[in-house]
>>> print(open('input-v6.txt').read())   # compact mmCIF, C-alpha atoms and all ligand atoms
# COMPACT_ATOMS: atom_id res chain seq x y z
CA MET K 1 5.81 22.28 -15.58
CA THR K 2 4.43 21.41 -12.15
CA ASP K 3 1.33 23.13 -10.83
CA ALA K 4 3.31 24.70 -8.03
CA ALA K 5 5.94 25.97 -10.42
CA ALA K 6 3.31 27.28 -12.80
CA LEU K 7 1.64 29.14 -9.96
CA GLN K 8 4.89 30.66 -8.85
CA ARG K 9 5.66 31.75 -12.37
CA GLU K 10 2.34 33.53 -12.56
CA ASP K 11 3.05 35.27 -9.27
CA THR K 12 6.56 36.51 -9.86
CA GLY K 13 7.20 35.83 -13.50
CA ALA K 14 10.22 33.67 -12.68
CA LEU K 15 11.28 30.27 -11.43
CA ASP K 16 13.80 30.18 -8.59
CA LEU K 17 16.92 28.27 -9.45
CA LEU K 18 19.71 27.41 -7.04
CA ALA K 19 23.00 26.22 -8.49
CA CYS K 20 26.03 25.16 -6.43
CA ILE K 21 28.94 24.45 -8.71
CA GLY K 22 32.51 23.63 -7.70
CA ASP K 23 34.63 24.57 -10.69
CA GLU K 24 34.85 27.99 -12.23
CA VAL K 25 34.45 26.95 -15.86
CA THR K 26 31.14 25.15 -15.29
CA ARG K 27 29.99 27.91 -12.97
CA GLU K 28 30.56 30.51 -15.69
CA THR K 29 28.62 28.38 -18.17
CA VAL K 30 25.74 28.13 -15.70
CA ASN K 31 25.83 31.88 -15.06
CA ARG K 32 25.76 32.62 -18.77
CA VAL K 33 22.91 30.23 -19.56
CA VAL K 34 20.83 31.33 -16.57
CA SER K 35 21.22 35.01 -17.44
CA HIS K 36 19.85 34.25 -20.92
CA LEU K 37 16.76 32.49 -19.61
CA SER K 38 14.37 35.29 -18.71
CA PHE K 39 12.01 32.97 -16.81
CA ILE K 40 14.75 31.95 -14.38
CA ASN K 41 15.59 33.81 -11.22
CA GLY K 42 18.97 32.24 -10.56
CA THR K 43 21.31 32.07 -7.59
CA VAL K 44 24.63 30.57 -8.65
CA ARG K 45 27.02 29.72 -5.84
CA ALA K 46 30.56 28.42 -5.76
CA GLY K 47 30.40 25.21 -3.77
CA ASN K 48 29.48 21.59 -3.44
CA LEU K 49 26.57 19.58 -2.04
CA ALA K 50 27.23 20.78 1.50
CA THR K 51 26.89 24.37 0.23
CA ALA K 52 23.61 23.42 -1.44
CA ARG K 53 22.31 21.84 1.75
CA LYS K 54 23.01 24.97 3.74
CA SER K 55 21.56 27.24 1.06
CA ILE K 56 18.14 25.61 0.88
CA ASP K 57 15.35 27.11 2.91
CA PRO K 58 13.03 24.11 3.43
CA ALA K 59 10.11 26.52 3.92
CA ALA K 60 10.69 27.99 0.45
CA PRO K 61 12.72 25.53 -1.61
CA PRO K 62 13.80 26.46 -5.13
CA HIS K 63 11.89 25.22 -8.18
CA LEU K 64 15.04 24.08 -9.87
CA MET K 65 18.44 23.00 -8.60
CA LEU K 66 21.73 22.38 -10.36
CA LEU K 67 23.98 20.35 -8.14
CA ASP K 68 27.63 19.50 -8.63
CA ILE K 69 28.59 16.07 -7.28
CA ALA K 70 32.18 16.10 -8.55
CA ASP K 71 33.78 16.14 -5.09
CA SER K 72 31.21 14.01 -3.28
CA GLY K 73 32.22 10.67 -1.76
CA ASP K 74 28.65 9.36 -1.74
CA PRO K 75 26.63 11.41 -4.23
CA ALA K 76 23.46 9.31 -4.14
CA ALA K 77 23.15 9.53 -0.35
CA GLU K 78 23.93 13.25 -0.30
CA ILE K 79 21.50 14.01 -3.12
CA GLU K 80 18.80 12.02 -1.34
CA GLN K 81 19.30 14.09 1.81
CA ILE K 82 19.09 17.30 -0.18
CA MET K 83 15.93 16.17 -1.92
CA HIS K 84 14.29 15.63 1.43
CA LEU K 85 14.78 19.33 2.12
CA CYS K 86 12.98 20.28 -1.05
CA SER K 87 9.44 20.33 -2.22
CA ARG K 88 8.23 17.39 -4.27
CA SER K 89 7.93 19.75 -7.22
CA THR K 90 11.60 20.81 -7.08
CA ARG K 91 13.36 19.55 -10.20
CA VAL K 92 16.96 18.52 -9.68
CA LEU K 93 19.62 18.47 -12.37
CA VAL K 94 22.97 16.99 -11.44
CA ILE K 95 26.37 17.75 -12.92
CA GLY K 96 29.31 15.43 -12.32
CA SER K 97 32.67 14.43 -13.67
CA VAL K 98 32.22 10.69 -14.22
CA ASN K 99 30.30 8.91 -16.94
CA ASP K 100 28.95 6.06 -14.86
CA VAL K 101 25.75 4.22 -15.73
CA SER K 102 25.09 2.84 -12.27
CA LEU K 103 25.48 6.30 -10.74
CA TYR K 104 23.16 7.69 -13.41
CA ARG K 105 20.55 5.04 -12.60
CA ALA K 106 20.85 5.65 -8.86
CA LEU K 107 20.32 9.39 -9.34
CA ILE K 108 17.37 8.97 -11.69
CA GLY K 109 15.92 6.46 -9.23
CA LEU K 110 16.00 9.17 -6.56
CA GLY K 111 13.98 11.48 -8.79
CA VAL K 112 16.84 13.49 -10.35
CA VAL K 113 15.63 14.57 -13.79
CA GLU K 114 18.96 14.84 -15.63
CA TYR K 115 22.64 14.04 -15.16
CA LEU K 116 25.20 15.92 -17.22
CA VAL K 117 28.90 15.06 -17.38
CA LYS K 118 31.55 17.79 -17.41
CA PRO K 119 32.60 19.57 -19.53
CA VAL K 120 29.07 20.89 -19.91
CA SER K 121 28.48 23.13 -22.91
CA GLY K 122 26.17 26.13 -22.75
CA ASP K 123 23.90 24.67 -25.44
CA LEU K 124 23.53 21.38 -23.62
CA LEU K 125 22.72 23.07 -20.33
CA HIS K 126 20.30 25.47 -22.00
CA ASP K 127 18.45 22.58 -23.64
CA ALA K 128 18.40 20.55 -20.42
CA ILE K 129 16.90 23.41 -18.41
CA THR K 130 14.28 24.34 -20.99
CA ALA K 131 13.32 20.67 -21.40
CA ILE K 132 12.79 20.36 -17.63
CA VAL K 133 10.74 23.54 -17.44
CA ASP K 134 8.57 22.57 -20.40
CA GLN K 135 7.98 19.07 -19.11
CA PRO K 136 4.43 18.36 -18.08
CA GLU K 137 4.03 17.37 -14.45
CA ALA K 138 6.33 14.56 -13.32
CA GLN K 139 6.38 13.12 -16.80
CA ASP K 140 9.25 10.70 -16.69
CA ALA K 141 10.60 11.39 -13.25
CA PRO K 142 9.66 8.66 -10.82
CA GLN K 143 7.57 9.82 -7.89
CA ARG K 144 9.42 9.82 -4.65
CA SER K 145 7.53 7.23 -2.72
CA LEU K 146 5.30 7.88 0.27
CA ARG K 147 6.29 5.74 3.21
CA VAL K 148 3.25 4.56 5.09
CA THR K 149 3.58 3.52 8.73
CA ALA K 150 0.48 1.80 10.08
CA LEU K 151 0.21 1.53 13.87
CA VAL K 152 -2.22 -0.64 15.79
CA GLY K 153 -2.40 -1.02 19.55
CA ALA K 154 -2.79 -4.55 20.84
CA ARG K 155 -4.61 -2.91 23.74
CA GLY K 156 -6.29 0.45 24.20
CA GLY K 157 -4.80 3.25 26.29
CA ILE K 158 -1.21 2.06 26.04
CA GLY K 159 0.23 4.91 24.01
CA THR K 160 -0.34 4.09 20.32
CA THR K 161 -1.52 7.60 19.49
CA THR K 162 1.30 9.09 21.55
CA ILE K 163 3.79 7.05 19.51
CA ALA K 164 2.15 8.04 16.20
CA THR K 165 2.38 11.76 16.94
CA ALA K 166 5.93 11.44 18.27
CA ILE K 167 7.29 9.70 15.18
CA GLY K 168 5.53 12.20 12.91
CA TRP K 169 7.12 15.02 14.89
CA TYR K 170 10.57 13.44 14.58
CA PHE K 171 10.19 12.83 10.84
CA VAL K 172 9.71 16.56 10.45
CA HIS K 173 11.98 18.03 13.08
CA GLU K 174 14.81 15.53 13.18
CA PHE K 175 14.82 14.13 9.65
CA HIS K 176 13.54 17.16 7.75
CA GLN K 177 10.78 15.29 6.02
CA ARG K 178 7.15 16.18 5.40
CA ALA K 179 4.70 14.08 7.36
CA ALA K 180 0.95 13.60 7.53
CA LEU K 181 -0.63 11.97 10.57
CA ALA K 182 -3.97 10.27 9.93
CA ASP K 183 -6.30 9.14 12.69
CA LEU K 184 -8.52 6.45 11.21
CA ASP K 185 -10.73 6.27 14.26
CA LEU K 186 -13.22 8.79 12.94
CA HIS K 187 -15.47 8.43 15.99
CA PHE K 188 -13.28 8.26 19.07
CA GLY K 189 -9.82 9.14 17.76
CA ASN K 190 -7.89 11.59 19.94
CA LEU K 191 -4.86 12.28 17.78
CA ALA K 192 -5.91 15.82 16.84
CA LEU K 193 -7.12 16.51 20.35
CA SER K 194 -3.83 15.37 21.86
CA LEU K 195 -2.11 18.04 19.73
CA ASP K 196 -4.66 20.65 20.78
CA LEU K 197 -6.17 20.83 17.29
CA GLU K 198 -9.72 20.86 15.98
CA PRO K 199 -10.12 18.03 13.51
CA GLY K 200 -10.58 19.22 9.93
CA ARG K 201 -13.64 18.59 7.78
CA GLY K 202 -13.57 16.16 4.95
CA LEU K 203 -11.58 13.09 5.99
CA ARG K 204 -14.71 10.99 6.11
CA GLU K 205 -15.67 12.04 2.56
CA ALA K 206 -12.12 11.43 1.39
CA LEU K 207 -12.10 7.93 2.89
CA THR K 208 -15.53 6.89 1.76
CA SER K 209 -15.97 8.56 -1.66
CA PRO K 210 -12.96 8.30 -3.97
CA GLU K 211 -14.64 10.40 -6.65
CA ARG K 212 -14.77 13.38 -4.30
CA ILE K 213 -11.06 13.45 -3.51
CA ASP K 214 -9.34 16.53 -4.81
CA SER K 215 -6.79 18.92 -3.39
CA LEU K 216 -9.54 21.12 -1.95
CA LEU K 217 -11.12 18.27 0.00
CA ILE K 218 -7.74 17.13 1.29
CA SER K 219 -6.74 20.59 2.40
CA SER K 220 -10.03 21.09 4.22
CA ALA K 221 -9.59 17.72 5.92
CA MET K 222 -6.14 18.72 7.15
CA THR K 223 -5.08 20.76 10.09
CA SER K 224 -1.55 22.01 10.56
CA VAL K 225 0.74 21.35 13.46
CA SER K 226 3.39 23.19 11.47
CA ASP K 227 4.36 23.82 7.89
CA ARG K 228 5.54 20.27 7.32
CA LEU K 229 3.44 18.34 9.81
CA LYS K 230 -0.28 17.95 9.12
CA VAL K 231 -3.10 16.04 10.71
CA LEU K 232 -5.99 14.26 9.06
CA ALA K 233 -8.69 13.46 11.57
CA GLY K 234 -12.42 13.58 12.08
CA GLU K 235 -15.05 13.62 14.78
CA GLU K 236 -18.02 11.91 13.21
CA PRO K 237 -21.40 11.32 14.88
CA LEU K 238 -21.21 8.15 16.96
CA ASP K 239 -24.29 6.61 15.39
CA GLU K 240 -23.05 6.92 11.80
CA GLU K 241 -20.94 4.29 10.12
CA CYS K 242 -17.82 5.29 8.20
CA ALA K 243 -16.74 2.37 6.05
CA VAL K 244 -13.36 3.11 4.50
CA ASN K 245 -13.30 2.50 0.76
CA ILE K 246 -10.19 0.81 -0.63
CA GLU K 247 -10.19 2.76 -3.86
CA ALA K 248 -10.49 5.97 -1.86
CA LEU K 249 -7.43 5.01 0.17
CA ASP K 250 -5.34 4.47 -2.93
CA THR K 251 -6.46 7.81 -4.35
CA LEU K 252 -5.68 9.50 -1.05
CA TYR K 253 -2.20 7.94 -0.94
CA ALA K 254 -1.51 9.16 -4.47
CA ALA K 255 -2.60 12.68 -3.55
CA LEU K 256 -0.61 12.73 -0.29
CA GLY K 257 2.41 11.33 -2.11
CA GLN K 258 2.63 14.60 -4.04
CA GLU K 259 3.25 16.50 -0.86
CA PHE K 260 4.52 14.20 1.88
CA ASP K 261 7.39 11.81 2.49
CA GLN K 262 5.71 10.03 5.37
CA LEU K 263 2.16 9.08 6.23
CA VAL K 264 1.60 7.79 9.76
CA ILE K 265 -1.71 6.04 10.25
CA ASP K 266 -3.13 5.52 13.73
CA LEU K 267 -5.55 2.63 13.26
CA PRO K 268 -8.44 1.76 15.53
CA ARG K 269 -8.67 -1.85 16.70
CA SER K 270 -11.83 -2.53 14.72
CA LEU K 271 -9.91 -3.78 11.73
CA GLY K 272 -12.33 -3.53 8.84
CA GLU K 273 -11.59 -3.92 5.16
CA GLY K 274 -10.00 -0.47 4.90
CA ALA K 275 -7.68 -1.06 7.86
CA ARG K 276 -6.65 -4.45 6.48
CA HIS K 277 -5.86 -2.84 3.15
CA ILE K 278 -3.73 -0.25 4.95
CA ILE K 279 -1.83 -2.93 6.86
CA ALA K 280 -1.30 -4.97 3.71
CA GLY K 281 0.22 -2.05 1.83
CA ALA K 282 2.09 -0.34 4.67
CA SER K 283 5.84 0.18 4.34
CA ARG K 284 5.95 -0.73 8.03
CA PHE K 285 3.31 -2.30 10.24
CA VAL K 286 3.88 -1.34 13.89
CA ILE K 287 2.23 -3.30 16.65
CA VAL K 288 2.15 -1.44 19.94
CA THR K 289 1.67 -3.50 23.05
CA ASP K 290 2.13 -3.48 26.78
CA LEU K 291 3.84 -6.46 28.41
CA SER K 292 0.63 -8.00 29.74
CA ILE K 293 -0.81 -11.42 28.94
CA ALA K 294 -3.64 -9.76 27.04
CA GLY K 295 -1.10 -7.69 25.10
CA LEU K 296 0.77 -10.88 24.24
CA ARG K 297 -2.36 -12.63 23.00
CA ASP K 298 -3.42 -9.73 20.83
CA SER K 299 0.06 -8.99 19.50
CA LEU K 300 0.19 -12.61 18.35
CA ARG K 301 -3.15 -12.19 16.62
CA LEU K 302 -2.00 -8.95 14.98
CA ILE K 303 1.21 -10.59 13.72
CA GLU K 304 -0.96 -13.32 12.21
CA LEU K 305 -3.26 -10.76 10.67
CA GLY K 306 -0.34 -8.89 9.09
CA LYS K 307 0.81 -12.12 7.44
CA ARG K 308 -2.68 -13.08 6.36
CA VAL K 309 -3.38 -9.77 4.62
CA GLY K 310 -0.05 -10.04 2.82
CA ASN K 311 2.35 -7.57 4.41
CA ALA K 312 5.64 -9.26 3.61
CA ALA K 313 7.79 -7.36 6.11
CA ASP K 314 8.05 -8.46 9.73
CA PRO K 315 5.98 -6.12 11.89
CA LEU K 316 7.83 -3.94 14.33
CA ILE K 317 6.85 -4.77 17.88
CA VAL K 318 6.97 -1.76 20.18
CA ALA K 319 6.41 -2.23 23.89
CA SER K 320 4.84 0.83 25.46
CA GLN K 321 4.47 2.12 28.99
CA VAL K 322 7.11 -0.39 30.03
CA GLY K 323 7.53 -0.53 33.78
CA ALA K 324 4.02 0.72 34.59
CA ALA K 325 3.05 -0.99 37.83
CA HIS K 326 -0.63 -1.19 36.90
CA ARG K 327 -0.19 -3.02 33.61
CA GLY K 328 0.32 -6.51 34.96
CA GLU K 329 3.57 -7.01 33.09
CA ILE K 330 5.14 -10.39 32.60
CA ASN K 331 8.86 -10.87 32.18
CA GLN K 332 10.08 -9.49 28.85
CA ARG K 333 11.87 -12.67 27.86
CA GLU K 334 8.79 -14.72 28.54
CA PHE K 335 6.79 -12.26 26.49
CA GLU K 336 9.16 -12.55 23.53
CA ARG K 337 9.24 -16.33 23.82
CA GLY K 338 5.45 -16.42 23.74
CA LEU K 339 5.44 -14.07 20.80
CA GLY K 340 8.10 -15.92 18.83
CA ALA K 341 9.51 -12.49 17.97
CA SER K 342 11.65 -9.79 19.55
CA ILE K 343 10.49 -6.50 20.87
CA SER K 344 12.26 -3.88 18.76
CA PHE K 345 11.67 -0.81 20.89
CA GLN K 346 10.65 -0.21 24.48
CA ILE K 347 9.03 3.04 25.45
CA PRO K 348 9.32 3.40 29.23
CA PHE K 349 6.36 4.44 31.33
CA ASP K 350 6.88 8.09 32.16
CA ALA K 351 3.96 9.67 33.96
CA LYS K 352 5.69 13.04 34.21
CA ALA K 353 6.38 13.26 30.47
CA ALA K 354 2.80 12.17 29.71
CA ALA K 355 1.41 14.82 32.04
CA THR K 356 3.55 17.54 30.44
CA MET K 357 2.46 16.38 27.01
CA ALA K 358 -1.22 16.56 27.98
CA ARG K 359 -0.83 19.96 29.64
CA LYS K 360 0.94 21.47 26.65
CA GLY K 361 -1.11 19.73 23.96
CA LYS K 362 2.06 18.74 22.14
CA ALA K 363 3.76 15.61 20.86
CA MET K 364 5.99 13.83 23.40
CA PRO K 365 9.33 14.98 21.91
CA ASP K 366 8.04 18.55 21.67
CA ALA K 367 6.77 18.59 25.26
CA ALA K 368 9.33 16.35 26.97
CA GLY K 369 12.22 16.06 24.52
CA GLY K 370 14.76 15.08 27.14
CA SER K 371 12.81 12.13 28.52
CA LYS K 372 13.92 8.53 28.03
CA ALA K 373 10.60 7.83 26.33
CA ALA K 374 11.35 10.53 23.74
CA THR K 375 14.85 9.14 23.13
CA GLU K 376 13.47 5.68 22.40
CA LEU K 377 10.81 7.21 20.14
CA LEU K 378 13.57 8.94 18.18
CA ALA K 379 15.25 5.58 17.61
CA LEU K 380 11.93 4.18 16.37
CA ALA K 381 11.40 7.16 14.04
CA GLN K 382 14.90 6.70 12.66
CA GLU K 383 14.23 3.03 11.94
CA LEU K 384 11.04 4.02 10.14
CA THR K 385 12.79 6.54 7.89
CA GLY K 386 14.78 3.64 6.53
CA ARG K 387 17.91 5.73 7.01
CA GLU K 388 20.90 4.49 8.88
CA THR K 389 23.00 7.51 9.51
CA VAL K 390 20.99 10.62 10.25
CA LYS K 391 20.87 10.75 14.01
CA LYS K 392 21.11 13.55 16.46
CA SER K 393 24.74 12.84 17.15
CA SER K 394 25.68 12.60 13.48
CA LEU K 395 27.43 15.34 11.58
CA LEU K 396 24.29 15.97 9.55
CA GLY K 397 22.17 16.10 12.69
CA ARG K 398 24.50 18.76 14.12
CA LEU K 399 24.37 20.77 10.93
CA TRP K 400 20.61 21.04 11.15
CA LYS K 401 20.61 22.22 14.74
N1 LIG K 501 5.16 6.18 27.76
C1 LIG K 501 4.12 6.64 28.47
N2 LIG K 501 4.21 6.78 29.81
C2 LIG K 501 3.18 7.24 30.53
N3 LIG K 501 1.99 7.55 30.02
C3 LIG K 501 1.83 7.43 28.70
C4 LIG K 501 2.87 6.96 27.86
N4 LIG K 501 2.42 6.94 26.58
C5 LIG K 501 1.14 7.37 26.63
N5 LIG K 501 0.78 7.67 27.88
C6 LIG K 501 -0.52 8.15 28.35
O1 LIG K 501 -1.46 7.11 28.23
C7 LIG K 501 -2.73 7.61 27.85
C8 LIG K 501 -3.18 6.94 26.56
O2 LIG K 501 -2.30 7.32 25.52
P1 LIG K 501 -2.71 7.18 24.00
O3 LIG K 501 -1.49 7.50 23.23
O4 LIG K 501 -3.95 7.97 23.71
O5 LIG K 501 -3.01 5.63 23.95
P2 LIG K 501 -3.77 4.74 22.88
O6 LIG K 501 -3.69 5.41 21.57
O7 LIG K 501 -3.06 3.44 22.95
O8 LIG K 501 -5.18 4.61 23.37
C9 LIG K 501 -2.55 9.12 27.69
O9 LIG K 501 -2.96 9.73 28.86
C10 LIG K 501 -1.05 9.27 27.50
O10 LIG K 501 -0.60 10.50 27.96
MG MG K 502 -5.26 5.98 20.31
>>> encode(input="input-v6.txt", output="structure tokens")
Amino acid sequence: MTDAAALQREDTGALDLLACIGDEVTRETVNRVVSHLSFINGTVRAGNLATARKSIDPAAPPHLMLLDIADSGDPAAEIEQIMHLCSRSTRVLVIGSVNDVSLYRALIGLGVVEYLVKPVSGDLLHDAITAIVDQPEAQDAPQRSLRVTALVGARGGIGTTTIATAIGWYFVHEFHQRAALADLDLHFGNLALSLDLEPGRGLREALTSPERIDSLLISSAMTSVSDRLKVLAGEEPLDEECAVNIEALDTLYAALGQEFDQLVIDLPRSLGEGARHIIAGASRFVIVTDLSIAGLRDSLRLIELGKRVGNAADPLIVASQVGAAHRGEINQREFERGLGASISFQIPFDAKAAATMARKGKAMPDAAGGSKAATELLALAQELTGRETVKKSSLLGRLWK
């Protein structure tokens, strides 16, 4: 049983189960089995995956779910979306009508703990549920992976931190994920400040002393923007060094992976061993630049660095404050030719949106959601989720609104 589930059981004496089952026969079996399991507090609904999606309260997801994929056209994609609405400790059992090994593998790969094919007998279901509940933490189920986005600005003051907070905000509010934002500039970082938050206490310890990392230290290092969006930042004395330890980073990732889907790291431009390790292991390395000659030179050097440290993916080049008269921009095509790479996203210069953001102490999409800058940031966030379909205009996007 997971820690969270164990805690809940102590509190209320029962585990919450949500079942959405299409056919009556299976639904009756589920009802019968659930009513016999005294430690289950079950809600059994007639319905399919869409019903399940609407029934989940992301703020209080169930401990256990039984989902019926029999009428789904794309069960793996739908299950993945549902799992993003749940806590990492939610255990998902899927019931379907086809005996298909590749489907089974796809579901297990997503973190589903069991797949049962109809007709499902009461005994089988009873055994499957009790086995899940008795399982020690995440025994065989693969961990859903933490996606790490590492951002570095080729220049200072061009909007890297603004972009980091904006994508974190979109991960949570547009894509229903859980996101942690980490500001690795422990001396001068302004990520927490830009969101009108006091930095927490403990990030420095967590990054420098792997043996001290535990859930208590992480929670004291974190401050909350909201339930699903947290900030890890510090404000360390300027005359004290904070050398990030590689082992500590790996331990921190493992701990954050229990709770978050996304980790966004705002890196300072002093790229020490810790920062290089982060870039090497990042799911996506994002280079933020303006369109100046200096931006071009340093973007080139950052692309080189990404390759040298072993990040196999092409970095995403994001041009920021595009159109700002004071930046000394060169022509975009010239810039791309010099770079030998394309600019993937262009965040326009928008002084009004930036001023609103500063006045409200909120992320760009929260403060100035209708701005062109915010729209481009949404496209960047979508790219970083690795998803192709969930966009504001999509059916799913509309359902969440
Ligand atoms: N697209 C934009 N248009 C106008 N101003 C911006 C934009 N993005 C950021 N800014 C402003 O630029 C300043 C520096 O932003 P910040 O995100 O802290 O940059 P960096 O992290 O690169 O130092 C802030 O005042 C911010 O409001
Ligand atoms: Mg910054």
>>> residues_around(input="input-v6.txt", residues="Pro268 in chain K", least_positions_apart="6", cutoff="8 Å", atoms="only C-alpha atoms", output="ChimeraX atom specification")
/K:152-153,184-185,189
>>> atom_distance(input="input-v6.txt", atom1="CA of Asn190 in chain K", atom2="CA of Ile347 in chain K")
19.7 Å
>>> closest_residue(input="input-v6.txt", among="K:Asn41, K:Thr161, K:Thr251, K:Ser283", to="ligand LIG 501 (chain K)", atoms="all atoms listed in the file")
K:Thr161
>>> closest_atom_pairs(input="input-v6.txt", of="chain K", to="ligand LIG 501 (chain K)", cutoff="8 Å", atoms="all atoms listed in the file", output="JSON lines")
{"residue": "K:Gly153", "atom": "CA", "partner": "K:LIG501", "partner_atom": "O7", "distance": 5.6}
{"residue": "K:Arg155", "atom": "CA", "partner": "K:LIG501", "partner_atom": "O7", "distance": 6.6}
{"residue": "K:Gly156", "atom": "CA", "partner": "K:LIG501", "partner_atom": "O8", "distance": 4.4}
{"residue": "K:Gly157", "atom": "CA", "partner": "K:LIG501", "partner_atom": "O8", "distance": 3.2}
{"residue": "K:Ile158", "atom": "CA", "partner": "K:LIG501", "partner_atom": "O7", "distance": 3.9}
{"residue": "K:Gly159", "atom": "CA", "partner": "K:LIG501", "partner_atom": "O3", "distance": 3.2}
{"residue": "K:Thr160", "atom": "CA", "partner": "K:LIG501", "partner_atom": "O6", "distance": 3.8}
{"residue": "K:Thr161", "atom": "CA", "partner": "K:LIG501", "partner_atom": "O6", "distance": 3.7}
{"residue": "K:Thr162", "atom": "CA", "partner": "K:LIG501", "partner_atom": "O3", "distance": 3.6}
{"residue": "K:Ile163", "atom": "CA", "partner": "K:LIG501", "partner_atom": "O3", "distance": 6.5}
{"residue": "K:Ala164", "atom": "CA", "partner": "K:LIG501", "partner_atom": "O3", "distance": 7.9}
{"residue": "K:Asn190", "atom": "CA", "partner": "K:LIG501", "partner_atom": "O4", "distance": 6.5}
{"residue": "K:Leu191", "atom": "CA", "partner": "K:LIG501", "partner_atom": "O4", "distance": 7.4}
{"residue": "K:Ser194", "atom": "CA", "partner": "K:LIG501", "partner_atom": "O4", "distance": 7.6}
{"residue": "K:Asp266", "atom": "CA", "partner": "K:LIG501", "partner_atom": "O6", "distance": 7.9}
{"residue": "K:Val288", "atom": "CA", "partner": "K:LIG501", "partner_atom": "O7", "distance": 7.7}
{"residue": "K:Ser320", "atom": "CA", "partner": "K:LIG501", "partner_atom": "N1", "distance": 5.8}
{"residue": "K:Gln321", "atom": "CA", "partner": "K:LIG501", "partner_atom": "N1", "distance": 4.3}
{"residue": "K:Val322", "atom": "CA", "partner": "K:LIG501", "partner_atom": "N1", "distance": 7.2}
{"residue": "K:Ala324", "atom": "CA", "partner": "K:LIG501", "partner_atom": "N2", "distance": 7.7}
{"residue": "K:Ile347", "atom": "CA", "partner": "K:LIG501", "partner_atom": "N1", "distance": 5.5}
{"residue": "K:Pro348", "atom": "CA", "partner": "K:LIG501", "partner_atom": "N1", "distance": 5.2}
{"residue": "K:Phe349", "atom": "CA", "partner": "K:LIG501", "partner_atom": "N2", "distance": 3.5}
{"residue": "K:Asp350", "atom": "CA", "partner": "K:LIG501", "partner_atom": "N2", "distance": 3.8}
{"residue": "K:Ala351", "atom": "CA", "partner": "K:LIG501", "partner_atom": "C2", "distance": 4.3}
{"residue": "K:Lys352", "atom": "CA", "partner": "K:LIG501", "partner_atom": "C2", "distance": 7.3}
{"residue": "K:Ala353", "atom": "CA", "partner": "K:LIG501", "partner_atom": "C2", "distance": 6.8}
{"residue": "K:Ala354", "atom": "CA", "partner": "K:LIG501", "partner_atom": "O10", "distance": 4.2}
{"residue": "K:Ala355", "atom": "CA", "partner": "K:LIG501", "partner_atom": "O10", "distance": 6.3}
{"residue": "K:Met357", "atom": "CA", "partner": "K:LIG501", "partner_atom": "O10", "distance": 6.7}
{"residue": "K:Ala358", "atom": "CA", "partner": "K:LIG501", "partner_atom": "O10", "distance": 6.1}
{"residue": "K:Ala373", "atom": "CA", "partner": "K:LIG501", "partner_atom": "N1", "distance": 5.9}
>>> residues_around(input="input-v6.txt", residues="Leu207 in chain K", least_positions_apart="2", cutoff="8 Å", atoms="all atoms listed in the file", output="PyMOL selection string")
chain K and resi 203-205+209-210+243-245+248-249+252
>>> closest_residue(input="input-v6.txt", among="K:His187, K:His36, K:Arg88, K:Arg269", to="Pro237 in chain K", atoms="only C-alpha atoms")
K:His187
>>> atom_distance(input="input-v6.txt", atom1="CA of Phe39 in chain K", atom2="CA of Ala60 in chain K")
18.0 Å
